[in-house]
Every structure is written in structure tokens, then in C-alpha cells.
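Before any comments, here is the structure.
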Amino acid sequence: MAVIFQTNKKTGITYAYQNEPYWDKEKQQSRAKRTLIGKVDPVTGEIIPTRSYKKKPAPASSEVKPGPIPMTQVRRIFYGAGYLLDQIGKQTGVYADLKAI
């Protein structure tokens, strides 16, 4: 593994990459996997690491999602779409506004 320095032509910032060469059997040629390490300080020449893009840690076992709530009463009622829309309109306040218009 080697460290490669590459300069961005637009911004002039030099970046440091970790280079891992490998042989691609399918294409019969060498390839390289590069991982960004950080920026290179123009004054000191030191590599300034970029922020890590690690996954967030798994939630603690105390933060368990609640399970399904058991139903205590079961009821089947058949109403049309008009009744459903009227009830939604009354609960949201749209029904009164439409009535006023």
C-alpha cells in the first residue's frame, strides 16, 4: 500500500489517498482502489485527516421498539367513501371552511 498525492486543478488543494493495487482477472490489467486519507497542508506538508464516514452505532438494548398493541374490541362497520371523507373533513376543519364558502 502506498500514499498518493493528487492536486485538484480547480481548487489547487492537494489530497492524500491510500492506494491498494490489484489485478483484474476479467480485464487482464492492473487496477487500483483508492481511499481518501485527507488534505495536505500546503505550509507544513502534513496530512490533515478528513472526517470519518462511519456508520452510527447500533441503538442500545434499552431502546427497544414497542410491540403491537392487542385489540380489545373488534367491530366491522360498512360505510361509503362519502362518509369517510365527511369525517376526515370534520376532524381536520376543512368541512367548516367548505361550508362557509
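Scheme for the C-alpha cells: letters A, B, ... for chains in order shown; per-chain residue numbers from 1; ligand numbers from 1 in order shown.
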
Chain A: which residues are strand (DSSP E) by DSSP, as a PyMOL selection string? chain A and resi 2-7+14-24+29-40+47-49

Would you mind listing what lies within 12 Å of segment 43-52 of chain A as a list of chain:residue names, with only C-alpha atoms counted and same-chain residues fewer than 5 positions away left out? A:Val3, A:Ile4, A:Phe5, A:Ile13, A:Thr14, A:Tyr15, A:Ala16, A:Tyr17, A:Gln18, A:Thr35, A:Leu36, A:Ile37, A:Gly38

For N, CA, C and O atoms, I'd like the residues from the last selection saved as a compact mmCIF listing (two decimals), in the first residue's frame.
```
# COMPACT_ATOMS: atom_id res chain seq x y z
N VAL A 3 0.89 5.76 -0.40
CA VAL A 3 0.15 7.01 -0.29
C VAL A 3 0.41 7.81 -1.55
O VAL A 3 1.55 8.03 -1.95
N ILE A 4 -0.69 8.25 -2.20
CA ILE A 4 -0.59 9.01 -3.45
C ILE A 4 -1.15 10.40 -3.19
O ILE A 4 -2.18 10.57 -2.54
N PHE A 5 -0.46 11.40 -3.71
CA PHE A 5 -0.90 12.79 -3.58
C PHE A 5 -1.45 13.25 -4.92
O PHE A 5 -0.80 13.07 -5.96
N ILE A 13 -6.16 22.35 -4.22
CA ILE A 13 -5.95 21.62 -2.97
C ILE A 13 -5.37 20.25 -3.30
O ILE A 13 -5.81 19.57 -4.22
N THR A 14 -4.38 19.84 -2.51
CA THR A 14 -3.76 18.53 -2.71
C THR A 14 -4.35 17.56 -1.69
O THR A 14 -4.43 17.86 -0.50
N TYR A 15 -4.79 16.39 -2.19
CA TYR A 15 -5.39 15.36 -1.35
C TYR A 15 -4.47 14.16 -1.29
O TYR A 15 -3.74 13.86 -2.23
N ALA A 16 -4.51 13.45 -0.16
CA ALA A 16 -3.72 12.24 0.03
C ALA A 16 -4.66 11.04 -0.01
O ALA A 16 -5.71 11.04 0.63
N TYR A 17 -4.29 10.02 -0.79
CA TYR A 17 -5.08 8.82 -0.94
C TYR A 17 -4.25 7.60 -0.57
O TYR A 17 -3.04 7.56 -0.82
N GLN A 18 -4.90 6.59 0.00
CA GLN A 18 -4.24 5.32 0.25
C GLN A 18 -4.55 4.44 -0.96
O GLN A 18 -5.70 4.22 -1.30
N THR A 35 -8.50 5.16 -1.36
CA THR A 35 -9.30 5.62 -0.24
C THR A 35 -8.74 6.96 0.23
O THR A 35 -7.54 7.08 0.47
N LEU A 36 -9.60 7.96 0.36
CA LEU A 36 -9.17 9.29 0.78
C LEU A 36 -8.72 9.27 2.23
O LEU A 36 -9.41 8.78 3.11
N ILE A 37 -7.53 9.80 2.46
CA ILE A 37 -7.00 9.92 3.82
C ILE A 37 -7.28 11.32 4.34
O ILE A 37 -7.77 11.50 5.45
N GLY A 38 -6.97 12.34 3.54
CA GLY A 38 -7.21 13.71 3.95
C GLY A 38 -6.54 14.71 3.04
O GLY A 38 -6.01 14.38 2.00
```

Enumerate as a VMD selection string all residues of segment 26-92 of chain A assigned to helix (DSSP H, G or I) by DSSP on the backbone, naming them with the chain letters and numbers the document uses. chain A and resid 81 to 92

Excluding Met1 of chain A and its own-chain neighbours fewer than 5 positions away, which residues fall within 8 Å of it when counting only C-alpha atoms? Please give them as an MDAnalysis selection string. chainID A and resid 18:21

Who sits within 12 Å of Trp23 of chain A, only C-alpha atoms, same chain under 5 positions skipped, as a count of residues only: 6

Mind pulling up the distance from atom CA of Lys9 of chain A to atom CA of Arg34 of chain A? 18.6 Å

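Pairwise distance (atom CA of Gln87 of chain A, atom CA of Ile69 of chain A) equals 24.6 Å.
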
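You will find atom CA of Gly67 of chain A at 28.1 Å from atom CA of Gln91 of chain A.
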